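S.K.: Sharing a structure, written as structure tokens. Questions coming.
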Amino acid sequence: MRFGIFYEHQLPKPWNDGDEARLFHQALEQVVLADRLGYDYAWEVEHHFLEEYSHSSAPEVFLAACAALTKTIRVGHGIRQVIPNYNHPARTAEGLATLDIISGGRLDFGIGEGATRLELGAFRIPAKEKRAMALEAAEQIANMMVMNPYPGFEGKGFSFPCRNVVPKPVQKPHPPMWMACTNRDTIRVAASIGVGALAFSFVDPEEARNWAEIYYGIIKSDACVPIGHAVNANMAMVSNFSVHHDRAEAIRRGQEGFEFFGYAVNALVAHDAVPGRSTLFADFQMPAATATRRSSQRQRWPSATPTASARRPTSATTSPPSATPASTR
């Protein structure tokens, strides 16, 4: 079992001058500490325009800083938005290889597609086509990091001529590949294409065990057709933790942060938002929202604190609270 930290860069309002800069620099300090303490991974998401929920729109920059400041901890895109509308596959391949070189071969590459209206609408990505677009691009990104030269591609989501995409990554054939997974269906997809499963859900040990059985069962079968040039047979289960010298204060801060995370992600997926006029944290604090949220959590989490486990080989990650009242995923 391995452990890591995971960042969304959440920043609930009200905002004061310097809050964003403080958030990023405190996160870097935490990664440096995690490296010194022997943590295995530092993961960073990619989101766009999601005020309060995630200010992490350029994870490649943050992860490069992490790599430069640390010695052994692995740095992970958890995930990189790979649909060409977000990031052209050739530019993604170049960035990944460069980051792998800078980190001395410590990069992990998670693929994702986005789910919110603000992101998909801004980049004109049809919601019904995003999965196919993401998988098509991810396969070509892997090819670009390996093939010399890359022979070119004619696809539905993008086309590209023959070019030698440089530099090439330190890790051969390329950094381990992962996929964002929120349910059993995406767990199955990850296993079927031979990538690690980044399970972004709060689950109990029994549910985690069921997910692991499904995943490893497919990995071992003929149903696994790798999308990359190597299989990454691993699962990561994301959970929460809150640390403070005072136990009661750790619970208070943690509960608020964990509840806000769940509220924010559901609100952004289900509803439209007015750019520049976010009221996520204010809405979260309204009595009606609090009552509904806690009723839902009692149904999902019988105990006060959700836990997760997974069968080996695994890569388990847990998440600290961010520098703000909201926790990272």
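Chain identifiers are assigned as A, B, and so on, following the order in which chains appear in the structure tokens; residues are numbered from 1 within each chain, and ligands are numbered from 1 in order of appearance.
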List as a ChimeraX atom specification the protein and nucleic acid residues near Leu69 in chain A, meaning an atom at most 9 Å away when only C-alpha atoms are counted, but skip any in the same chain fewer than 5 places from it.

M.R.: /A:28,31-32,64

S.K.: I need the chosen residues saved as a PDB file, in the first residue's frame, with N, CA and C atoms.

M.R.:
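Wrote it out as result_24.pdb, contents follow:
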```
ATOM      1  N   LEU A  28       2.511  24.037  -2.018  1.00  0.00           N
ATOM      2  CA  LEU A  28       3.889  23.647  -2.321  1.00  0.00           C
ATOM      3  C   LEU A  28       4.645  23.276  -1.048  1.00  0.00           C
ATOM      4  N   VAL A  31       3.641  19.811  -0.050  1.00  0.00           N
ATOM      5  CA  VAL A  31       4.257  18.778  -0.883  1.00  0.00           C
ATOM      6  C   VAL A  31       5.704  18.548  -0.461  1.00  0.00           C
ATOM      7  N   VAL A  32       6.431  19.613  -0.177  1.00  0.00           N
ATOM      8  CA  VAL A  32       7.808  19.482   0.293  1.00  0.00           C
ATOM      9  C   VAL A  32       7.845  18.700   1.609  1.00  0.00           C
ATOM     10  N   ALA A  64       5.544  20.976 -11.938  1.00  0.00           N
ATOM     11  CA  ALA A  64       6.961  21.243 -12.233  1.00  0.00           C
ATOM     12  C   ALA A  64       7.640  21.876 -11.022  1.00  0.00           C
TER      13      ALA A  64
END
```

S.K.: So which bits of range 176-306 of chain A end up strand (DSSP E or B) when you DSSP the backbone, as a ChimeraX atom specification?

M.R.: /A:177-181,196-199,235-240

S.K.: Write a file of the selected residues as a short mmCIF file (atom, residue, chain, number, x, y, z; two decimals), in the first residue's frame, keeping all heavy atoms.

M.R.:
```cif
data_model
loop_
_atom_site.label_atom_id
_atom_site.label_comp_id
_atom_site.auth_asym_id
_atom_site.auth_seq_id
_atom_site.Cartn_x
_atom_site.Cartn_y
_atom_site.Cartn_z
N MET A 177 0.12 5.28 -16.79
CA MET A 177 -1.13 5.95 -17.16
C MET A 177 -2.26 5.55 -16.21
O MET A 177 -2.36 4.39 -15.80
CB MET A 177 -1.51 5.63 -18.61
CG MET A 177 -0.51 6.17 -19.63
SD MET A 177 -0.94 5.75 -21.35
CE MET A 177 -2.44 6.74 -21.58
N TRP A 178 -3.11 6.52 -15.89
CA TRP A 178 -4.26 6.33 -15.02
C TRP A 178 -5.49 6.94 -15.66
O TRP A 178 -5.38 7.69 -16.63
CB TRP A 178 -4.02 7.01 -13.67
CG TRP A 178 -2.84 6.56 -12.89
CD1 TRP A 178 -1.52 6.85 -13.13
CD2 TRP A 178 -2.85 5.73 -11.73
NE1 TRP A 178 -0.72 6.27 -12.19
CE2 TRP A 178 -1.50 5.58 -11.30
CE3 TRP A 178 -3.87 5.13 -10.98
CZ2 TRP A 178 -1.14 4.83 -10.19
CZ3 TRP A 178 -3.52 4.39 -9.87
CH2 TRP A 178 -2.18 4.24 -9.48
N MET A 179 -6.65 6.65 -15.08
CA MET A 179 -7.89 7.23 -15.57
C MET A 179 -8.78 7.60 -14.39
O MET A 179 -8.88 6.85 -13.42
CB MET A 179 -8.64 6.23 -16.47
CG MET A 179 -9.95 6.74 -17.01
SD MET A 179 -10.72 5.49 -18.10
CE MET A 179 -12.26 6.33 -18.49
N ALA A 180 -9.41 8.77 -14.48
CA ALA A 180 -10.35 9.18 -13.44
C ALA A 180 -11.57 8.27 -13.46
O ALA A 180 -12.19 8.07 -14.50
CB ALA A 180 -10.77 10.63 -13.66
N CYS A 181 -11.93 7.72 -12.29
CA CYS A 181 -13.05 6.78 -12.19
C CYS A 181 -13.98 7.21 -11.06
O CYS A 181 -13.53 7.39 -9.93
CB CYS A 181 -12.56 5.36 -11.93
SG CYS A 181 -11.47 4.71 -13.22
N GLY A 196 -4.27 2.53 -14.73
CA GLY A 196 -4.63 2.56 -13.32
C GLY A 196 -5.96 3.27 -13.13
O GLY A 196 -6.33 4.15 -13.91
N ALA A 197 -6.67 2.91 -12.07
CA ALA A 197 -7.97 3.50 -11.76
C ALA A 197 -7.83 4.50 -10.61
O ALA A 197 -7.50 4.11 -9.49
CB ALA A 197 -8.98 2.41 -11.39
N LEU A 198 -8.06 5.77 -10.89
CA LEU A 198 -8.09 6.81 -9.87
C LEU A 198 -9.54 6.97 -9.44
O LEU A 198 -10.33 7.64 -10.10
CB LEU A 198 -7.56 8.13 -10.42
CG LEU A 198 -6.05 8.25 -10.62
CD1 LEU A 198 -5.72 9.54 -11.38
CD2 LEU A 198 -5.32 8.23 -9.29
N ALA A 199 -9.90 6.31 -8.35
CA ALA A 199 -11.30 6.27 -7.92
C ALA A 199 -11.61 7.46 -7.03
O ALA A 199 -11.20 7.51 -5.87
CB ALA A 199 -11.58 4.96 -7.18
N MET A 235 -4.79 0.50 -8.46
CA MET A 235 -5.97 1.27 -8.09
C MET A 235 -5.58 2.30 -7.03
O MET A 235 -4.76 2.01 -6.16
CB MET A 235 -7.07 0.38 -7.53
CG MET A 235 -7.70 -0.55 -8.53
SD MET A 235 -9.15 -1.38 -7.83
CE MET A 235 -10.31 0.01 -7.76
N ALA A 236 -6.18 3.46 -7.11
CA ALA A 236 -6.01 4.49 -6.09
C ALA A 236 -7.39 4.84 -5.54
O ALA A 236 -8.30 5.13 -6.31
CB ALA A 236 -5.34 5.73 -6.65
N MET A 237 -7.54 4.78 -4.25
CA MET A 237 -8.79 5.14 -3.59
C MET A 237 -8.58 6.44 -2.81
O MET A 237 -7.70 6.51 -1.95
CB MET A 237 -9.24 4.03 -2.63
CG MET A 237 -9.70 2.77 -3.32
SD MET A 237 -11.24 3.03 -4.20
CE MET A 237 -11.50 1.39 -4.88
N VAL A 238 -9.36 7.43 -3.11
CA VAL A 238 -9.22 8.73 -2.46
C VAL A 238 -10.12 8.81 -1.24
O VAL A 238 -11.31 8.48 -1.30
CB VAL A 238 -9.57 9.86 -3.44
CG1 VAL A 238 -9.48 11.22 -2.75
CG2 VAL A 238 -8.64 9.82 -4.64
N SER A 239 -9.55 9.22 -0.13
CA SER A 239 -10.31 9.40 1.10
C SER A 239 -9.94 10.76 1.69
O SER A 239 -9.24 11.55 1.06
CB SER A 239 -10.00 8.26 2.08
OG SER A 239 -10.83 8.35 3.22
N ASN A 240 -10.40 11.05 2.90
CA ASN A 240 -10.15 12.34 3.54
C ASN A 240 -9.40 12.18 4.84
O ASN A 240 -9.54 11.16 5.52
CB ASN A 240 -11.48 13.02 3.88
CG ASN A 240 -12.38 13.15 2.68
OD1 ASN A 240 -11.98 13.63 1.65
ND2 ASN A 240 -13.62 12.69 2.82
#
```

S.K.: Can you tell me how far CA of Val165 in chain A sits from CA of Asp100 in chain A, in Å to one decimal?

M.R.: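 CA of Val165 in chain A sits 14.5 Å away from CA of Asp100 in chain A.
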
S.K.: Which distance in Å separates CA of Asp222 in chain A and CA of Gly194 in chain A, to one decimal?

M.R.: 10.9 Å

S.K.: What's the 6 Å shell around range 144-152 of chain A, counting only C-alpha atoms, without same-chain residues fewer than 4 positions away, as a ChimeraX atom specification?

M.R.: /A:93,160-165,168

S.K.: Restricting it to C-alpha atoms, dump the selection as an mmCIF file, in the first residue's frame.

M.R.:
```
data_model
loop_
_atom_site.group_PDB
_atom_site.id
_atom_site.type_symbol
_atom_site.label_atom_id
_atom_site.label_comp_id
_atom_site.auth_asym_id
_atom_site.auth_seq_id
_atom_site.Cartn_x
_atom_site.Cartn_y
_atom_site.Cartn_z
ATOM 1 C CA ALA A 93 2.961 14.695 -24.909
ATOM 2 C CA PHE A 160 -2.005 15.346 -36.934
ATOM 3 C CA PRO A 161 0.792 14.819 -39.479
ATOM 4 C CA CYS A 162 3.941 12.744 -39.117
ATOM 5 C CA ARG A 163 6.316 14.422 -36.689
ATOM 6 C CA ASN A 164 8.936 13.339 -34.179
ATOM 7 C CA VAL A 165 7.516 14.599 -30.881
ATOM 8 C CA LYS A 168 10.979 11.691 -24.953
#
```

S.K.: Which residues come within 9 Å of range 266-277 of chain A, counting only C-alpha atoms, excluding same-chain residues fewer than 6 positions away, as a PyMOL selection string?

M.R.: chain A and resi 49-51+53+115-118

S.K.: Could you write out the selected residues, including C-alpha atoms, as an mmCIF file, in the first residue's frame?

M.R.:
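The new file again-v8.cif reads:
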```cif
data_model
loop_
_atom_site.group_PDB
_atom_site.id
_atom_site.type_symbol
_atom_site.label_atom_id
_atom_site.label_comp_id
_atom_site.auth_asym_id
_atom_site.auth_seq_id
_atom_site.Cartn_x
_atom_site.Cartn_y
_atom_site.Cartn_z
ATOM 1 C CA PHE A 49 -13.349 28.287 -14.628
ATOM 2 C CA LEU A 50 -14.608 26.489 -11.489
ATOM 3 C CA GLU A 51 -14.461 29.369 -9.029
ATOM 4 C CA TYR A 53 -14.167 24.636 -6.208
ATOM 5 C CA ALA A 115 -17.855 16.905 -16.477
ATOM 6 C CA THR A 116 -19.047 20.424 -15.680
ATOM 7 C CA ARG A 117 -21.088 22.648 -17.962
ATOM 8 C CA LEU A 118 -18.686 25.537 -17.479
#
```

S.K.: Please return, as a PDB file with N, CA and C atoms, in the first residue's frame, all residues of range 81-143 of chain A that DSSP assigns to alpha helix (DSSP H) on the basis of the backbone.

M.R.:
```
ATOM      1  N   PRO A  89      -3.063  17.088 -28.143  1.00  0.00           N
ATOM      2  CA  PRO A  89      -2.292  15.897 -27.745  1.00  0.00           C
ATOM      3  C   PRO A  89      -0.784  16.049 -27.901  1.00  0.00           C
ATOM      4  N   ALA A  90      -0.329  16.709 -28.954  1.00  0.00           N
ATOM      5  CA  ALA A  90       1.120  16.881 -29.136  1.00  0.00           C
ATOM      6  C   ALA A  90       1.705  17.754 -28.028  1.00  0.00           C
ATOM      7  N   ARG A  91       0.995  18.814 -27.653  1.00  0.00           N
ATOM      8  CA  ARG A  91       1.472  19.674 -26.574  1.00  0.00           C
ATOM      9  C   ARG A  91       1.441  18.930 -25.235  1.00  0.00           C
ATOM     10  N   THR A  92       0.432  18.094 -25.042  1.00  0.00           N
ATOM     11  CA  THR A  92       0.386  17.292 -23.818  1.00  0.00           C
ATOM     12  C   THR A  92       1.560  16.329 -23.766  1.00  0.00           C
ATOM     13  N   ALA A  93       1.837  15.643 -24.872  1.00  0.00           N
ATOM     14  CA  ALA A  93       2.961  14.695 -24.909  1.00  0.00           C
ATOM     15  C   ALA A  93       4.283  15.405 -24.643  1.00  0.00           C
ATOM     16  N   GLU A  94       4.470  16.576 -25.234  1.00  0.00           N
ATOM     17  CA  GLU A  94       5.702  17.340 -25.001  1.00  0.00           C
ATOM     18  C   GLU A  94       5.834  17.747 -23.538  1.00  0.00           C
ATOM     19  N   GLY A  95       4.727  18.218 -22.967  1.00  0.00           N
ATOM     20  CA  GLY A  95       4.749  18.645 -21.571  1.00  0.00           C
ATOM     21  C   GLY A  95       4.996  17.502 -20.610  1.00  0.00           C
ATOM     22  N   LEU A  96       4.370  16.366 -20.873  1.00  0.00           N
ATOM     23  CA  LEU A  96       4.568  15.196 -20.015  1.00  0.00           C
ATOM     24  C   LEU A  96       6.018  14.730 -20.041  1.00  0.00           C
ATOM     25  N   ALA A  97       6.591  14.645 -21.227  1.00  0.00           N
ATOM     26  CA  ALA A  97       7.977  14.188 -21.343  1.00  0.00           C
ATOM     27  C   ALA A  97       8.931  15.156 -20.648  1.00  0.00           C
ATOM     28  N   THR A  98       8.676  16.451 -20.821  1.00  0.00           N
ATOM     29  CA  THR A  98       9.525  17.445 -20.172  1.00  0.00           C
ATOM     30  C   THR A  98       9.436  17.340 -18.660  1.00  0.00           C
ATOM     31  N   LEU A  99       8.211  17.191 -18.147  1.00  0.00           N
ATOM     32  CA  LEU A  99       8.029  17.072 -16.702  1.00  0.00           C
ATOM     33  C   LEU A  99       8.652  15.783 -16.178  1.00  0.00           C
ATOM     34  N   ASP A 100       8.600  14.715 -16.952  1.00  0.00           N
ATOM     35  CA  ASP A 100       9.232  13.472 -16.535  1.00  0.00           C
ATOM     36  C   ASP A 100      10.748  13.638 -16.454  1.00  0.00           C
ATOM     37  N   ILE A 101      11.317  14.408 -17.385  1.00  0.00           N
ATOM     38  CA  ILE A 101      12.751  14.677 -17.351  1.00  0.00           C
ATOM     39  C   ILE A 101      13.107  15.544 -16.139  1.00  0.00           C
ATOM     40  N   ILE A 102      12.364  16.622 -15.941  1.00  0.00           N
ATOM     41  CA  ILE A 102      12.634  17.539 -14.829  1.00  0.00           C
ATOM     42  C   ILE A 102      12.551  16.816 -13.490  1.00  0.00           C
ATOM     43  N   ARG A 117     -20.597  21.863 -16.830  1.00  0.00           N
ATOM     44  CA  ARG A 117     -21.088  22.648 -17.962  1.00  0.00           C
ATOM     45  C   ARG A 117     -20.157  23.810 -18.290  1.00  0.00           C
ATOM     46  N   LEU A 118     -19.584  24.406 -17.250  1.00  0.00           N
ATOM     47  CA  LEU A 118     -18.686  25.537 -17.479  1.00  0.00           C
ATOM     48  C   LEU A 118     -17.492  25.137 -18.332  1.00  0.00           C
ATOM     49  N   GLU A 119     -16.945  23.955 -18.096  1.00  0.00           N
ATOM     50  CA  GLU A 119     -15.769  23.505 -18.845  1.00  0.00           C
ATOM     51  C   GLU A 119     -16.154  22.992 -20.236  1.00  0.00           C
ATOM     52  N   LEU A 120     -17.068  22.066 -20.291  1.00  0.00           N
ATOM     53  CA  LEU A 120     -17.444  21.474 -21.573  1.00  0.00           C
ATOM     54  C   LEU A 120     -18.010  22.527 -22.522  1.00  0.00           C
ATOM     55  N   GLY A 121     -18.851  23.415 -21.998  1.00  0.00           N
ATOM     56  CA  GLY A 121     -19.447  24.447 -22.846  1.00  0.00           C
ATOM     57  C   GLY A 121     -18.426  25.435 -23.372  1.00  0.00           C
ATOM     58  N   ALA A 122     -17.485  25.845 -22.519  1.00  0.00           N
ATOM     59  CA  ALA A 122     -16.488  26.825 -22.942  1.00  0.00           C
ATOM     60  C   ALA A 122     -15.609  26.292 -24.063  1.00  0.00           C
ATOM     61  N   LYS A 130     -17.578  13.068 -25.163  1.00  0.00           N
ATOM     62  CA  LYS A 130     -16.341  13.373 -24.456  1.00  0.00           C
ATOM     63  C   LYS A 130     -15.522  12.137 -24.105  1.00  0.00           C
ATOM     64  N   ARG A 131     -16.157  11.041 -23.739  1.00  0.00           N
ATOM     65  CA  ARG A 131     -15.407   9.830 -23.404  1.00  0.00           C
ATOM     66  C   ARG A 131     -14.629   9.313 -24.611  1.00  0.00           C
ATOM     67  N   ALA A 132     -15.287   9.225 -25.753  1.00  0.00           N
ATOM     68  CA  ALA A 132     -14.616   8.735 -26.959  1.00  0.00           C
ATOM     69  C   ALA A 132     -13.495   9.672 -27.372  1.00  0.00           C
ATOM     70  N   MET A 133     -13.706  10.980 -27.235  1.00  0.00           N
ATOM     71  CA  MET A 133     -12.681  11.955 -27.595  1.00  0.00           C
ATOM     72  C   MET A 133     -11.467  11.833 -26.677  1.00  0.00           C
ATOM     73  N   ALA A 134     -11.718  11.601 -25.402  1.00  0.00           N
ATOM     74  CA  ALA A 134     -10.630  11.481 -24.437  1.00  0.00           C
ATOM     75  C   ALA A 134      -9.797  10.227 -24.690  1.00  0.00           C
ATOM     76  N   LEU A 135     -10.445   9.103 -24.921  1.00  0.00           N
ATOM     77  CA  LEU A 135      -9.709   7.859 -25.142  1.00  0.00           C
ATOM     78  C   LEU A 135      -8.918   7.906 -26.448  1.00  0.00           C
ATOM     79  N   GLU A 136      -9.494   8.497 -27.473  1.00  0.00           N
ATOM     80  CA  GLU A 136      -8.781   8.637 -28.739  1.00  0.00           C
ATOM     81  C   GLU A 136      -7.509   9.458 -28.550  1.00  0.00           C
ATOM     82  N   ALA A 137      -7.633  10.580 -27.844  1.00  0.00           N
ATOM     83  CA  ALA A 137      -6.484  11.447 -27.630  1.00  0.00           C
ATOM     84  C   ALA A 137      -5.438  10.782 -26.739  1.00  0.00           C
ATOM     85  N   ALA A 138      -5.889  10.106 -25.683  1.00  0.00           N
ATOM     86  CA  ALA A 138      -4.943   9.471 -24.751  1.00  0.00           C
ATOM     87  C   ALA A 138      -4.082   8.434 -25.451  1.00  0.00           C
ATOM     88  N   GLU A 139      -4.673   7.650 -26.318  1.00  0.00           N
ATOM     89  CA  GLU A 139      -3.902   6.639 -27.049  1.00  0.00           C
ATOM     90  C   GLU A 139      -2.826   7.294 -27.912  1.00  0.00           C
ATOM     91  N   GLN A 140      -3.177   8.399 -28.560  1.00  0.00           N
ATOM     92  CA  GLN A 140      -2.205   9.066 -29.427  1.00  0.00           C
ATOM     93  C   GLN A 140      -1.128   9.786 -28.627  1.00  0.00           C
ATOM     94  N   ILE A 141      -1.471  10.288 -27.447  1.00  0.00           N
ATOM     95  CA  ILE A 141      -0.461  10.901 -26.579  1.00  0.00           C
ATOM     96  C   ILE A 141       0.599   9.869 -26.201  1.00  0.00           C
ATOM     97  N   ALA A 142       0.132   8.663 -25.846  1.00  0.00           N
ATOM     98  CA  ALA A 142       1.084   7.589 -25.534  1.00  0.00           C
ATOM     99  C   ALA A 142       1.956   7.264 -26.739  1.00  0.00           C
ATOM    100  N   ASN A 143       1.356   7.198 -27.917  1.00  0.00           N
ATOM    101  CA  ASN A 143       2.127   6.920 -29.135  1.00  0.00           C
ATOM    102  C   ASN A 143       3.164   8.008 -29.392  1.00  0.00           C
TER     103      ASN A 143
END
```

S.K.: Find the residue from A:Glu44, A:Glu29, A:Glu20, A:Glu206 that sits nearest to Gly110 in chain A; use only C-alpha atoms when measuring.

M.R.: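 Smallest separation from Gly110 in chain A among the options: A:Glu44.
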
S.K.: Taking 6 positions as the minimum chain separation for residues in the same chain, which residues sit within 9 Å of Glu52 in chain A when counting only C-alpha atoms? Answer as a PyMOL selection string.

M.R.: chain A and resi 9-13+264+278-281+326
